[in-house]
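What follows is a set of notes on a single structure, which appears directly below.
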Amino acid sequence: MKRSSGGQIQSVAPGSLWERAGLRSGDIVLAVNGHPLRDVIDFQFYSADYELSLVVRRSDGPERELRMERQFSDALGIEFTAPTFDGLRLCRNRCEFCFVQQMPKGLRQTLYLRDDDLRYSFLYGNFVTLTNWTEDDWQRVAEQRLSPLYVSVHATDCALRARLLGLTEVPDVLEQVERLGDMGIEVHAQLVVVPGLNDGAVLERSVEDLAKLYPTVQSVGVVPVGITRYQCRDIRTMTAPEAQTILAWAEPVRRRFLRRLGSRLVYPSDEIYLLAGSPVPGAATYGGYPQLNNGIGLTRLLRDDWSRLRRRLPAALAGLGSATLVCGKLIGPTLEELASQLASASGVDLRVLAVENAFFGPTVTVSGLLTWADVHAALAGQDVGRLLVLPGAMFDAAKERTLDDATLEEIRSSVGVPVLTADCLSELAAAWLRLGQEQEQAPR
């Protein structure tokens, strides 16, 4: 990482403490109370004091010091152009199954960044390996109580974990997690399962080892490895029988942990349930969805969203005509089932188009990794109806660009019908109704 040059302000809330102090968009905050700022976490932590001294540089002037008194009722009311001010700590591991390293050339550059940055773990739930931590990192986590953190464990056996991470040796992750627990830091762990390497007895041992560190370890996500057609190493995807074996092992283990710990602790991913052909468990079994950022529980939320919508279906839906809902192959059967129920309950014609991923290969089946090129090819010759609905997950965080850099506006201009994004049926219904109202009110 580069040396921090401070954080540039993107916006300041009107009437906030910071606006009253004279801060404005474009200013660069260098330090708070004598502490140089590395990121937004530093700013939030050191700005919690009552008396504040900020060193600020304005683009049209020299550095200056601003002094103010902050009340506990004062909200932060400030946004920076980036969460980290000294760049991104990149991953130095060489995981055999790293998805980023399986990406083809020609995509936008941000997709090739492999972060292993504890700050992104704390802020956004990104998983880190703890293999690049310095003593300064440990001291910072202790001082600022950066909890919870999300840790890619994969295996608790040190030699096997080193192999999985592509390193000659790694710190003992159990000792590291235990040290975090001594600091009062909670951990959400993930085990990416590579068939033949860390499944079976290795997976069972890893889960039991992590369970001994409860309540420091709050959850353990079990996720199948993702393989693209660009993978050149001897790794394969999980099979349906292997997914069934994991569930047959996991369910009694989860019940045992619930009795012993008060938590089911282990959460097989949605992909494992869908691959095995098993129904996803009920909402109560997800323990508040601790690994939702890891995609674990999304299918249950989708089904429960439909159950709520079904009880209050707007009658106006029936007159909106037909639409096409695009998704990946994995969730296709689930959405076809829900679309059929929606049709029966409301009379609306919602067709599901499950698209095969030619870009990454047929082993990549999730909606979030679809490209517009593949969707566009699948739409050829299709009657999409009056509306095309794309999964919001196939766009970036701003819902503006796909993986292959197609913008929503470009897609709309090429399709010839209105295009909406949605990640559940209630979002779809609300957006569809708004569109219908707008079309009715439009001048004819």
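Chains: A, B, ... in order of the structure tokens. Residues: from 1 per chain. Ligands: from 1, in order shown.
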message: Based on the backbone DSSP call, show me all residues of region 268-369 of chain A assigned strand (DSSP E or B), as a PyMOL selection string.
response: chain A and resi 268+322-328+349-355
For region 2-31 of chain A against region 35-41 of chain A, with a cut-off of 8 Å and counting only C-alpha atoms, what is the closest atom pair and its distance in Å to one decimal for every residue that makes the cut, ordered by chain and number, as JSON lines?
{"residue": "A:Ser4", "atom": "CA", "partner": "A:Arg38", "partner_atom": "CA", "distance": 5.6}
{"residue": "A:Gly6", "atom": "CA", "partner": "A:Leu37", "partner_atom": "CA", "distance": 5.8}
{"residue": "A:Gly7", "atom": "CA", "partner": "A:Asp39", "partner_atom": "CA", "distance": 7.0}
{"residue": "A:Val29", "atom": "CA", "partner": "A:Leu37", "partner_atom": "CA", "distance": 7.7}
{"residue": "A:Leu30", "atom": "CA", "partner": "A:Leu37", "partner_atom": "CA", "distance": 5.9}
{"residue": "A:Ala31", "atom": "CA", "partner": "A:Pro36", "partner_atom": "CA", "distance": 4.2}
Go ahead and write the residues just picked, C-alpha atoms, as a PDB file, in the first residue's frame.
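Writing done, so here's again.pdb:
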ATOM      1  CA  SER A   4      -1.699   7.888   2.817  1.00  0.00           C
ATOM      2  CA  GLY A   6      -5.496  11.832   3.303  1.00  0.00           C
ATOM      3  CA  GLY A   7      -9.103  11.303   2.339  1.00  0.00           C
ATOM      4  CA  VAL A  29      -8.715  15.554   5.443  1.00  0.00           C
ATOM      5  CA  LEU A  30      -5.164  14.652   6.452  1.00  0.00           C
ATOM      6  CA  ALA A  31      -5.407  14.068  10.204  1.00  0.00           C
TER       7      ALA A  31
END
query: With only C-alpha atoms as the basis for distance, which of A:Gln101, A:Thr131, A:Thr285, A:Thr168 is at the shortest distance from Arg233 (chain A)?
result: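 That would be A:Gln101, the residue with the smallest distance to Arg233 (chain A).
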Name the residues of region 185-365 of chain A that come out as helix (DSSP H, G or I) in a backbone DSSP run; write them as a short mmCIF file (atom, residue, chain, number, x, y, z; two decimals) with N, CA and C atoms, in the first residue's frame.
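Writing the result to out_21.cif gives the following:
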data_model
loop_
_atom_site.label_atom_id
_atom_site.label_comp_id
_atom_site.auth_asym_id
_atom_site.auth_seq_id
_atom_site.Cartn_x
_atom_site.Cartn_y
_atom_site.Cartn_z
N GLY A 200 -14.79 -34.10 2.88
CA GLY A 200 -14.76 -35.32 3.69
C GLY A 200 -14.26 -35.09 5.11
N ALA A 201 -13.32 -35.93 5.53
CA ALA A 201 -12.80 -35.87 6.90
C ALA A 201 -12.11 -34.54 7.19
N VAL A 202 -11.48 -33.96 6.17
CA VAL A 202 -10.80 -32.66 6.37
C VAL A 202 -11.83 -31.58 6.69
N LEU A 203 -12.92 -31.56 5.95
CA LEU A 203 -13.98 -30.59 6.20
C LEU A 203 -14.56 -30.79 7.60
N GLU A 204 -14.81 -32.02 7.96
CA GLU A 204 -15.39 -32.30 9.27
C GLU A 204 -14.45 -31.84 10.39
N ARG A 205 -13.15 -32.11 10.23
CA ARG A 205 -12.20 -31.68 11.25
C ARG A 205 -12.14 -30.16 11.34
N SER A 206 -12.13 -29.49 10.20
CA SER A 206 -12.06 -28.02 10.20
C SER A 206 -13.25 -27.42 10.93
N VAL A 207 -14.44 -27.97 10.68
CA VAL A 207 -15.63 -27.46 11.35
C VAL A 207 -15.55 -27.70 12.86
N GLU A 208 -15.14 -28.89 13.26
CA GLU A 208 -15.04 -29.19 14.69
C GLU A 208 -13.99 -28.30 15.36
N ASP A 209 -12.87 -28.05 14.67
CA ASP A 209 -11.84 -27.17 15.24
C ASP A 209 -12.39 -25.76 15.44
N LEU A 210 -13.11 -25.26 14.46
CA LEU A 210 -13.65 -23.90 14.56
C LEU A 210 -14.75 -23.82 15.61
N ALA A 211 -15.52 -24.90 15.75
CA ALA A 211 -16.59 -24.90 16.75
C ALA A 211 -16.03 -24.77 18.17
N ALA A 240 -23.39 -33.37 -7.67
CA ALA A 240 -24.63 -33.46 -6.90
C ALA A 240 -24.52 -34.48 -5.77
N PRO A 241 -23.99 -35.69 -6.01
CA PRO A 241 -23.84 -36.63 -4.90
C PRO A 241 -22.93 -36.10 -3.79
N GLU A 242 -21.88 -35.36 -4.15
CA GLU A 242 -21.00 -34.79 -3.12
C GLU A 242 -21.73 -33.72 -2.31
N ALA A 243 -22.58 -32.94 -2.98
CA ALA A 243 -23.38 -31.95 -2.26
C ALA A 243 -24.35 -32.65 -1.30
N GLN A 244 -24.94 -33.74 -1.75
CA GLN A 244 -25.85 -34.50 -0.89
C GLN A 244 -25.12 -35.08 0.32
N THR A 245 -23.89 -35.52 0.10
CA THR A 245 -23.09 -36.07 1.20
C THR A 245 -22.80 -34.99 2.24
N ILE A 246 -22.47 -33.78 1.79
CA ILE A 246 -22.20 -32.69 2.72
C ILE A 246 -23.44 -32.36 3.54
N LEU A 247 -24.61 -32.31 2.89
CA LEU A 247 -25.83 -32.00 3.63
C LEU A 247 -26.18 -33.11 4.61
N ALA A 248 -25.98 -34.35 4.21
CA ALA A 248 -26.26 -35.48 5.11
C ALA A 248 -25.38 -35.42 6.34
N TRP A 249 -24.15 -34.93 6.19
CA TRP A 249 -23.26 -34.75 7.35
C TRP A 249 -23.63 -33.49 8.13
N ALA A 250 -23.95 -32.40 7.42
CA ALA A 250 -24.10 -31.11 8.07
C ALA A 250 -25.34 -31.02 8.94
N GLU A 251 -26.45 -31.59 8.52
CA GLU A 251 -27.70 -31.39 9.26
C GLU A 251 -27.62 -31.91 10.69
N PRO A 252 -27.16 -33.15 10.94
CA PRO A 252 -27.03 -33.58 12.34
C PRO A 252 -25.98 -32.79 13.11
N VAL A 253 -24.92 -32.36 12.43
CA VAL A 253 -23.91 -31.53 13.10
C VAL A 253 -24.52 -30.20 13.52
N ARG A 254 -25.32 -29.60 12.67
CA ARG A 254 -25.97 -28.33 13.00
C ARG A 254 -26.92 -28.50 14.19
N ARG A 255 -27.64 -29.62 14.23
CA ARG A 255 -28.53 -29.86 15.36
C ARG A 255 -27.73 -30.04 16.65
N ARG A 256 -26.61 -30.75 16.54
CA ARG A 256 -25.76 -30.96 17.73
C ARG A 256 -25.21 -29.63 18.24
N PHE A 257 -24.74 -28.80 17.32
CA PHE A 257 -24.21 -27.49 17.74
C PHE A 257 -25.31 -26.63 18.37
N LEU A 258 -26.53 -26.72 17.84
CA LEU A 258 -27.63 -25.93 18.40
C LEU A 258 -27.89 -26.33 19.84
N ARG A 259 -27.86 -27.63 20.11
CA ARG A 259 -28.07 -28.10 21.48
C ARG A 259 -26.91 -27.69 22.38
N ARG A 260 -25.70 -27.80 21.88
CA ARG A 260 -24.51 -27.57 22.71
C ARG A 260 -24.12 -26.10 22.82
N LEU A 261 -24.22 -25.37 21.71
CA LEU A 261 -23.73 -24.00 21.67
C LEU A 261 -24.84 -22.96 21.66
N ASP A 270 -26.20 -21.83 -0.49
CA ASP A 270 -27.37 -22.10 -1.33
C ASP A 270 -27.02 -23.04 -2.47
N GLU A 271 -25.82 -22.84 -3.06
CA GLU A 271 -25.41 -23.69 -4.18
C GLU A 271 -25.42 -25.16 -3.80
N ILE A 272 -25.02 -25.47 -2.57
CA ILE A 272 -24.97 -26.87 -2.15
C ILE A 272 -26.38 -27.46 -2.07
N TYR A 273 -27.32 -26.70 -1.49
CA TYR A 273 -28.70 -27.18 -1.42
C TYR A 273 -29.29 -27.36 -2.81
N LEU A 274 -29.10 -26.36 -3.67
CA LEU A 274 -29.69 -26.43 -5.01
C LEU A 274 -29.04 -27.52 -5.85
N LEU A 275 -27.73 -27.67 -5.72
CA LEU A 275 -27.03 -28.72 -6.46
C LEU A 275 -27.49 -30.10 -6.00
N ALA A 276 -27.72 -30.24 -4.71
CA ALA A 276 -28.15 -31.52 -4.16
C ALA A 276 -29.62 -31.81 -4.44
N ALA A 283 -36.18 -19.87 7.50
CA ALA A 283 -35.47 -18.66 7.90
C ALA A 283 -34.90 -18.77 9.31
N ALA A 284 -35.63 -19.43 10.21
CA ALA A 284 -35.18 -19.52 11.60
C ALA A 284 -33.86 -20.26 11.74
N THR A 285 -33.53 -21.10 10.76
CA THR A 285 -32.30 -21.89 10.87
C THR A 285 -31.07 -21.12 10.41
N TYR A 286 -31.26 -19.90 9.88
CA TYR A 286 -30.12 -19.14 9.37
C TYR A 286 -29.50 -18.22 10.41
N LEU A 292 -24.85 -13.54 4.67
CA LEU A 292 -25.63 -13.14 3.51
C LEU A 292 -24.74 -12.53 2.43
N ASN A 293 -23.70 -11.80 2.85
CA ASN A 293 -22.76 -11.24 1.87
C ASN A 293 -22.03 -12.33 1.10
N ASN A 294 -22.03 -13.53 1.65
CA ASN A 294 -21.41 -14.69 0.99
C ASN A 294 -22.44 -15.45 0.16
N LEU A 298 -29.76 -16.41 0.45
CA LEU A 298 -30.48 -15.60 -0.54
C LEU A 298 -31.71 -16.32 -1.10
N THR A 299 -31.59 -17.63 -1.29
CA THR A 299 -32.73 -18.38 -1.83
C THR A 299 -33.88 -18.41 -0.84
N ARG A 300 -33.57 -18.58 0.44
CA ARG A 300 -34.62 -18.53 1.46
C ARG A 300 -35.28 -17.16 1.48
N LEU A 301 -34.49 -16.10 1.40
CA LEU A 301 -35.06 -14.75 1.37
C LEU A 301 -35.94 -14.55 0.14
N LEU A 302 -35.51 -15.11 -0.99
CA LEU A 302 -36.30 -15.01 -2.22
C LEU A 302 -37.65 -15.69 -2.04
N ARG A 303 -37.65 -16.88 -1.47
CA ARG A 303 -38.91 -17.61 -1.27
C ARG A 303 -39.80 -16.90 -0.25
N ASP A 304 -39.22 -16.41 0.82
CA ASP A 304 -40.03 -15.74 1.83
C ASP A 304 -40.57 -14.41 1.31
N ASP A 305 -39.79 -13.75 0.47
CA ASP A 305 -40.27 -12.52 -0.16
C ASP A 305 -41.52 -12.81 -1.00
N TRP A 306 -41.50 -13.90 -1.75
CA TRP A 306 -42.66 -14.28 -2.55
C TRP A 306 -43.85 -14.62 -1.66
N SER A 307 -43.60 -15.30 -0.55
CA SER A 307 -44.70 -15.66 0.35
C SER A 307 -45.40 -14.41 0.88
N ARG A 308 -44.62 -13.38 1.21
CA ARG A 308 -45.22 -12.13 1.69
C ARG A 308 -45.97 -11.41 0.56
N LEU A 309 -45.34 -11.37 -0.61
CA LEU A 309 -45.98 -10.71 -1.75
C LEU A 309 -47.29 -11.39 -2.13
N ARG A 310 -47.31 -12.69 -2.04
CA ARG A 310 -48.49 -13.47 -2.46
C ARG A 310 -49.72 -13.09 -1.65
N ALA A 315 -53.84 -6.05 -7.61
CA ALA A 315 -54.71 -6.51 -8.70
C ALA A 315 -54.25 -5.95 -10.04
N ALA A 316 -53.60 -4.79 -10.00
CA ALA A 316 -53.18 -4.14 -11.24
C ALA A 316 -52.13 -4.94 -12.01
N LEU A 317 -51.49 -5.90 -11.35
CA LEU A 317 -50.47 -6.69 -12.05
C LEU A 317 -51.05 -7.44 -13.24
N ALA A 318 -52.29 -7.89 -13.10
CA ALA A 318 -52.89 -8.73 -14.14
C ALA A 318 -52.98 -8.03 -15.49
N GLY A 319 -53.04 -6.71 -15.48
CA GLY A 319 -53.20 -6.00 -16.74
C GLY A 319 -51.92 -5.51 -17.35
N LEU A 320 -50.79 -5.97 -16.85
CA LEU A 320 -49.51 -5.44 -17.32
C LEU A 320 -48.89 -6.26 -18.45
N GLY A 332 -32.62 -21.14 -11.76
CA GLY A 332 -33.68 -21.23 -12.75
C GLY A 332 -34.89 -22.03 -12.31
N PRO A 333 -34.71 -23.28 -11.86
CA PRO A 333 -35.88 -24.07 -11.45
C PRO A 333 -36.68 -23.43 -10.31
N THR A 334 -35.99 -22.80 -9.37
CA THR A 334 -36.68 -22.13 -8.27
C THR A 334 -37.53 -20.98 -8.80
N LEU A 335 -36.96 -20.15 -9.66
CA LEU A 335 -37.71 -19.02 -10.20
C LEU A 335 -38.85 -19.46 -11.11
N GLU A 336 -38.66 -20.56 -11.83
CA GLU A 336 -39.76 -21.08 -12.66
C GLU A 336 -40.93 -21.51 -11.78
N GLU A 337 -40.62 -22.12 -10.65
CA GLU A 337 -41.67 -22.52 -9.71
C GLU A 337 -42.41 -21.30 -9.18
N LEU A 338 -41.66 -20.26 -8.77
CA LEU A 338 -42.28 -19.07 -8.21
C LEU A 338 -43.05 -18.30 -9.28
N ALA A 339 -42.51 -18.24 -10.50
CA ALA A 339 -43.21 -17.55 -11.58
C ALA A 339 -44.53 -18.23 -11.91
N SER A 340 -44.54 -19.56 -11.85
CA SER A 340 -45.77 -20.30 -12.09
C SER A 340 -46.81 -19.99 -11.01
N GLN A 341 -46.36 -19.91 -9.77
CA GLN A 341 -47.27 -19.56 -8.68
C GLN A 341 -47.78 -18.13 -8.83
N LEU A 342 -46.90 -17.22 -9.28
CA LEU A 342 -47.30 -15.84 -9.51
C LEU A 342 -48.36 -15.76 -10.61
N ALA A 343 -48.17 -16.53 -11.67
CA ALA A 343 -49.14 -16.55 -12.76
C ALA A 343 -50.49 -17.05 -12.28
N SER A 344 -50.49 -18.10 -11.47
CA SER A 344 -51.74 -18.66 -10.97
C SER A 344 -52.45 -17.68 -10.04
N ALA A 345 -51.67 -16.94 -9.25
CA ALA A 345 -52.26 -16.05 -8.26
C ALA A 345 -52.71 -14.71 -8.83
N SER A 346 -52.06 -14.25 -9.90
CA SER A 346 -52.34 -12.88 -10.38
C SER A 346 -52.75 -12.81 -11.84
#
- request: Show which residues sit within 10 Å of Val415 (chain A), as JSON, numbers by chain. Count only C-alpha atoms, and ignore same-chain residues fewer than 5 positions away.
  value: {"A": [376, 379, 384, 387, 388, 410]}
Output for the residues just chosen: N, CA and C atoms as a compact mmCIF listing (two decimals), in the first residue's frame:
# COMPACT_ATOMS: atom_id res chain seq x y z
N HIS A 376 -27.77 -11.44 -24.07
CA HIS A 376 -28.22 -10.95 -25.38
C HIS A 376 -28.34 -12.10 -26.38
N LEU A 379 -31.39 -14.16 -25.71
CA LEU A 379 -32.64 -13.48 -26.05
C LEU A 379 -32.96 -13.53 -27.53
N VAL A 384 -39.79 -11.48 -25.70
CA VAL A 384 -39.58 -11.14 -24.29
C VAL A 384 -40.82 -10.51 -23.67
N LEU A 387 -41.69 -6.43 -21.22
CA LEU A 387 -40.71 -6.01 -20.22
C LEU A 387 -39.62 -7.06 -20.08
N LEU A 388 -38.38 -6.61 -19.94
CA LEU A 388 -37.25 -7.50 -19.66
C LEU A 388 -36.73 -7.18 -18.27
N GLU A 410 -27.30 1.28 -22.40
CA GLU A 410 -26.98 0.61 -23.66
C GLU A 410 -27.88 -0.61 -23.86
- request: Name the closest residue to Val220 (chain A) among the candidates A:Ser59, A:Thr237, A:Gln190, A:Asn198; distances are taken between atoms, counting only C-alpha atoms.
  value: A:Gln190
field: Surrounding residues of Ala373 (chain A) excluding itself and chain neighbours under 2 positions, 10 Å, only C-alpha atoms, as a list in words
entry: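 After dropping sequence-adjacent residues, the list is Asn357, Ala358, Phe359, Leu370, Thr371, Val375, His376, Ala377, Ala378, Leu379, Thr402, Leu403, Asp404, Asp405 and Ala406 of chain A.
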Kindly export the residues of the current selection with C-alpha atoms, as a PDB file, in the first residue's frame.
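Saved file out-v2.pdb follows:
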ATOM      1  CA  ASN A 357     -22.811 -18.903 -18.995  1.00  0.00           C
ATOM      2  CA  ALA A 358     -20.745 -19.198 -22.173  1.00  0.00           C
ATOM      3  CA  PHE A 359     -18.365 -16.460 -21.051  1.00  0.00           C
ATOM      4  CA  LEU A 370     -23.802 -13.487 -16.179  1.00  0.00           C
ATOM      5  CA  THR A 371     -22.547 -11.161 -18.899  1.00  0.00           C
ATOM      6  CA  VAL A 375     -27.939 -12.755 -22.052  1.00  0.00           C
ATOM      7  CA  HIS A 376     -28.219 -10.947 -25.380  1.00  0.00           C
ATOM      8  CA  ALA A 377     -27.403 -14.161 -27.255  1.00  0.00           C
ATOM      9  CA  ALA A 378     -29.998 -16.101 -25.249  1.00  0.00           C
ATOM     10  CA  LEU A 379     -32.642 -13.480 -26.046  1.00  0.00           C
ATOM     11  CA  THR A 402     -22.321  -5.563 -16.225  1.00  0.00           C
ATOM     12  CA  LEU A 403     -19.160  -7.647 -16.004  1.00  0.00           C
ATOM     13  CA  ASP A 404     -18.521  -7.119 -19.711  1.00  0.00           C
ATOM     14  CA  ASP A 405     -18.999  -3.354 -19.276  1.00  0.00           C
ATOM     15  CA  ALA A 406     -22.439  -2.980 -20.833  1.00  0.00           C
TER      16      ALA A 406
END
query: Suppose you want the space between CA of Leu149 (chain A) and CA of Leu118 (chain A); what is it in Å?
result: 7.5 Å
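If you look at CA of Arg119 (chain A) and CA of Ala397 (chain A), they are 18.1 Å away from each other.
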- request: Tell me which protein, DNA and RNA residues are within 12 Å of region 134-139 of chain A, counting only C-alpha atoms, leaving out same-chain ones fewer than 4 positions away, and put them as a PyMOL selection string.
  value: chain A and resi 89+117-119+130+143-146+171+176-177+179-183+185
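Counting from CA of Ala422 (chain A), the distance to CA of Leu325 (chain A) is 9.1 Å.
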